[in-house]
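Notes for the one structure printed next.
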Amino acid sequence: MNKIEMNKIRTVCVYCGSGPGTNPRFTESAVTLGRIFAENGIRLVYGGGSFGLMGAIATSVLDHGGMVTGIIPDFLTARENALSRVQEMVVTPDMHERKRLMFERSDAFVALPGGVGTLEELVEQLTWQQLGRHSKPVLLANIDGFWEPLFDLLAHMRETQFIRQGFAVEILKADRVEEILPKLRSAAAHLPDSAKEMAPEIARRL
């Protein structure tokens with residue numbers, strides 16, 4: 001059994017912006033993470049576009065000999081210019097199906113900097129986790145402190161008891177891209193295989 005199998009991380013879903021943002025380190029981090037995934041045999045699952053951070057990470061994985069699955073709803077294939085180089089491109093009828101397949105195809109989730117769409121996808125995974133529907137690792141790539149306002153908001157929710165004891169949000173944090181894969185592997189290594197799965201009938205209803 002190789003190291004990847006032992007640590008249970010074979011595919012990672014990355015949520016990120018379809019634009020580059022204002023900080024060059026955002027794109028640099030996406031490119032670096034793509035290289036790290038390729039070098040470690042981690043398949044990228046992402047939103048399928050070729051622009052912004054989405055395009056940067058997918059292109060980097062491919063340029064370094066890695067594997068990419070893009071999952072994109074039909075109405076966004078032209079708007080986000082679906083990346084034709086990927087080994088697998090899944091076109092879904094809607095956003096709901098896209099998110100369900102991204103969940104099913106992934107062993108862990110990483111959020112790079114992004115906008116409302118990135119936040120929505122991330123928060124949905126945190127919600128499913130909080131409700132006990134999965135235990136797959138979820139990590140925020142806190143590049144140059146991008147996600148600090150969200151960490152502050154989560155702390156505020158705990159202080160005001162909207163996130164109550166017993167309903168903790170288990171979220172990993174990495175300030176450097178190089179920390180991401182080791183943290184995901186460490187978290188996954190402590191989970192039984194059954195804890196990472198969501199029953200198909202539950203996934204369809206969410």
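The chains in the structure tokens are called A, B, ... from first to last as shown; in each chain the residues are counted from 1, and the ligands are counted from 1 in the order shown.
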Contact residues around Val177 (chain A) with only C-alpha atoms at 9 Å, ignoring same-chain residues under 3 positions, as a PyMOL selection string: chain A and resi 29-30+32-33+36+141-143+174+180-181
Write out, as a CSV table (one decimal), in the first residue's frame, the residues just selected, with C-alpha atoms.
chain,number,residue,atom,x,y,z
A,29,SER,CA,-0.6,29.8,-4.4
A,30,ALA,CA,-3.0,28.2,-6.9
A,32,THR,CA,1.9,26.0,-6.4
A,33,LEU,CA,-0.9,23.9,-5.0
A,36,ILE,CA,2.0,19.8,-5.2
A,141,ALA,CA,-6.1,28.2,2.5
A,142,ASN,CA,-5.7,31.4,4.4
A,143,ILE,CA,-3.4,33.1,1.8
A,174,ALA,CA,-3.3,26.6,6.4
A,180,ILE,CA,-2.3,21.9,2.9
A,181,LEU,CA,-1.7,18.4,1.9
Apply DSSP to the backbone of this structure and, from region 14-49 of chain A, keep only the residues in strand (DSSP E); write these as a PDB file with all heavy atoms, in the first residue's frame.
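Listing of states-v5.pdb after writing:
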ATOM      1  N   VAL A  14     -11.173  21.557  -4.881  1.00  0.00           N
ATOM      2  CA  VAL A  14     -10.734  22.913  -4.564  1.00  0.00           C
ATOM      3  C   VAL A  14     -11.789  23.903  -5.038  1.00  0.00           C
ATOM      4  O   VAL A  14     -12.144  23.936  -6.218  1.00  0.00           O
ATOM      5  CB  VAL A  14      -9.371  23.238  -5.203  1.00  0.00           C
ATOM      6  CG1 VAL A  14      -9.007  24.701  -4.957  1.00  0.00           C
ATOM      7  CG2 VAL A  14      -8.285  22.322  -4.632  1.00  0.00           C
ATOM      8  N   TYR A  15     -12.297  24.686  -4.100  1.00  0.00           N
ATOM      9  CA  TYR A  15     -13.192  25.797  -4.409  1.00  0.00           C
ATOM     10  C   TYR A  15     -12.343  27.058  -4.489  1.00  0.00           C
ATOM     11  O   TYR A  15     -11.509  27.308  -3.613  1.00  0.00           O
ATOM     12  CB  TYR A  15     -14.237  25.976  -3.310  1.00  0.00           C
ATOM     13  CG  TYR A  15     -15.072  24.760  -3.015  1.00  0.00           C
ATOM     14  CD1 TYR A  15     -15.180  24.270  -1.708  1.00  0.00           C
ATOM     15  CD2 TYR A  15     -15.773  24.109  -4.011  1.00  0.00           C
ATOM     16  CE1 TYR A  15     -15.961  23.167  -1.411  1.00  0.00           C
ATOM     17  CE2 TYR A  15     -16.558  22.995  -3.730  1.00  0.00           C
ATOM     18  CZ  TYR A  15     -16.646  22.529  -2.427  1.00  0.00           C
ATOM     19  OH  TYR A  15     -17.419  21.431  -2.138  1.00  0.00           O
ATOM     20  N   ARG A  43      -5.541  13.745  -7.437  1.00  0.00           N
ATOM     21  CA  ARG A  43      -6.398  14.224  -8.519  1.00  0.00           C
ATOM     22  C   ARG A  43      -7.180  15.449  -8.057  1.00  0.00           C
ATOM     23  O   ARG A  43      -7.784  15.442  -6.984  1.00  0.00           O
ATOM     24  CB  ARG A  43      -7.365  13.128  -8.962  1.00  0.00           C
ATOM     25  CG  ARG A  43      -8.164  13.505 -10.214  1.00  0.00           C
ATOM     26  CD  ARG A  43      -9.124  12.400 -10.612  1.00  0.00           C
ATOM     27  NE  ARG A  43      -9.656  12.653 -11.952  1.00  0.00           N
ATOM     28  CZ  ARG A  43      -9.279  12.024 -13.054  1.00  0.00           C
ATOM     29  NH1 ARG A  43      -8.357  11.069 -12.976  1.00  0.00           N
ATOM     30  NH2 ARG A  43      -9.800  12.330 -14.223  1.00  0.00           N
ATOM     31  N   LEU A  44      -7.176  16.488  -8.872  1.00  0.00           N
ATOM     32  CA  LEU A  44      -7.940  17.703  -8.585  1.00  0.00           C
ATOM     33  C   LEU A  44      -9.366  17.560  -9.089  1.00  0.00           C
ATOM     34  O   LEU A  44      -9.595  17.173 -10.238  1.00  0.00           O
ATOM     35  CB  LEU A  44      -7.287  18.911  -9.265  1.00  0.00           C
ATOM     36  CG  LEU A  44      -8.099  20.215  -9.249  1.00  0.00           C
ATOM     37  CD1 LEU A  44      -8.191  20.785  -7.836  1.00  0.00           C
ATOM     38  CD2 LEU A  44      -7.504  21.244 -10.213  1.00  0.00           C
ATOM     39  N   VAL A  45     -10.320  17.886  -8.226  1.00  0.00           N
ATOM     40  CA  VAL A  45     -11.712  18.040  -8.616  1.00  0.00           C
ATOM     41  C   VAL A  45     -12.037  19.524  -8.443  1.00  0.00           C
ATOM     42  O   VAL A  45     -11.791  20.090  -7.375  1.00  0.00           O
ATOM     43  CB  VAL A  45     -12.651  17.183  -7.742  1.00  0.00           C
ATOM     44  CG1 VAL A  45     -14.114  17.427  -8.116  1.00  0.00           C
ATOM     45  CG2 VAL A  45     -12.302  15.710  -7.872  1.00  0.00           C
ATOM     46  N   TYR A  46     -12.555  20.153  -9.480  1.00  0.00           N
ATOM     47  CA  TYR A  46     -12.802  21.593  -9.388  1.00  0.00           C
ATOM     48  C   TYR A  46     -13.946  21.972 -10.315  1.00  0.00           C
ATOM     49  O   TYR A  46     -14.533  21.123 -10.981  1.00  0.00           O
ATOM     50  CB  TYR A  46     -11.523  22.378  -9.709  1.00  0.00           C
ATOM     51  CG  TYR A  46     -11.305  22.684 -11.167  1.00  0.00           C
ATOM     52  CD1 TYR A  46     -11.273  23.996 -11.632  1.00  0.00           C
ATOM     53  CD2 TYR A  46     -11.152  21.659 -12.107  1.00  0.00           C
ATOM     54  CE1 TYR A  46     -11.083  24.280 -12.982  1.00  0.00           C
ATOM     55  CE2 TYR A  46     -10.959  21.939 -13.442  1.00  0.00           C
ATOM     56  CZ  TYR A  46     -10.932  23.257 -13.889  1.00  0.00           C
ATOM     57  OH  TYR A  46     -10.750  23.545 -15.208  1.00  0.00           O
TER      58      TYR A  46
END
One-decimal distance in Å that lies between CA of Ile72 (chain A) and CA of Phe103 (chain A): 13.2 Å
Selected residue of minimal separation from Pro113 (chain A) among A:Gly145, A:Gly65, A:Pro73, A:Pro137, counting only C-alpha atoms: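 Using only C-alpha atoms, the shortest distance to Pro113 (chain A) belongs to A:Gly145.
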Neighbour list for Val169 (chain A) as a VMD selection string, cut-off 10 Å, only C-alpha atoms, skip fewer than 2 positions in-chain: chain A and resid 126 to 131 138 154 158 163 to 167 171 to 172
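Atom to atom, CA of Ala38 (chain A) and CA of Leu119 (chain A) stand 25.3 Å apart.
You can rank A:His64, A:Arg176, A:His156, A:His190 by their closest distance to Asp144 (chain A) using only C-alpha atoms, and at the top of that list sits A:Arg176.
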Residue nearest Ile57 (chain A) - candidates A:Gly34, A:Asn40, A:Ile71, A:Ala78, atoms counted: only C-alpha atoms: A:Gly34
For Phe51 (chain A), work out the shell of residues within 8 Å, counting only C-alpha atoms and skipping chain neighbours fewer than 2 positions away, then give it as a compact mmCIF listing (two decimals) with N, CA, C and O atoms, in the first residue's frame.
# COMPACT_ATOMS: atom_id res chain seq x y z
N SER A 18 -13.26 32.44 -9.85
CA SER A 18 -13.14 32.41 -11.31
C SER A 18 -12.44 33.66 -11.83
O SER A 18 -12.30 33.85 -13.03
N GLY A 19 -12.01 34.52 -10.89
CA GLY A 19 -11.15 35.66 -11.20
C GLY A 19 -9.86 35.53 -10.42
O GLY A 19 -9.76 34.69 -9.51
N PRO A 20 -8.86 36.37 -10.71
CA PRO A 20 -7.57 36.25 -10.04
C PRO A 20 -7.47 37.00 -8.71
O PRO A 20 -6.53 36.75 -7.94
N GLY A 49 -13.75 25.61 -14.91
CA GLY A 49 -13.46 26.79 -15.71
C GLY A 49 -11.98 26.98 -16.00
O GLY A 49 -11.12 26.32 -15.41
N LEU A 53 -8.41 31.85 -10.56
CA LEU A 53 -7.71 30.85 -9.77
C LEU A 53 -8.11 29.44 -10.18
O LEU A 53 -7.29 28.51 -10.11
N MET A 54 -9.34 29.28 -10.65
CA MET A 54 -9.77 27.96 -11.12
C MET A 54 -8.89 27.50 -12.26
O MET A 54 -8.38 26.37 -12.26
N GLY A 55 -8.70 28.36 -13.24
CA GLY A 55 -7.86 28.00 -14.37
C GLY A 55 -6.41 27.81 -13.98
O GLY A 55 -5.72 26.93 -14.50
N ALA A 56 -5.94 28.63 -13.04
CA ALA A 56 -4.53 28.56 -12.62
C ALA A 56 -4.20 27.23 -11.98
O ALA A 56 -3.18 26.61 -12.30
N GLU A 80 -17.64 30.53 -18.30
CA GLU A 80 -16.38 30.29 -17.59
C GLU A 80 -15.37 29.55 -18.46
O GLU A 80 -14.31 29.14 -17.99
N ASN A 81 -15.70 29.38 -19.76
CA ASN A 81 -14.79 28.79 -20.74
C ASN A 81 -14.21 27.47 -20.22
O ASN A 81 -13.04 27.37 -19.85
Among the residues A:Ala58, A:Gly52, A:Leu139, A:Glu121, the one that comes closest to Phe26 (chain A) [using only C-alpha atoms]: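 For Phe26 (chain A), the nearest of the given residues is A:Gly52.
Of note, CA of Arg10 (chain A) and CA of Phe151 (chain A) are spaced 27.4 Å apart.
Each of A:Glu120, A:Arg100, A:Gln161, A:Ile9 was checked against Pro182 (chain A) using only C-alpha atoms; the smallest atom-to-atom distance is that of A:Ile9.
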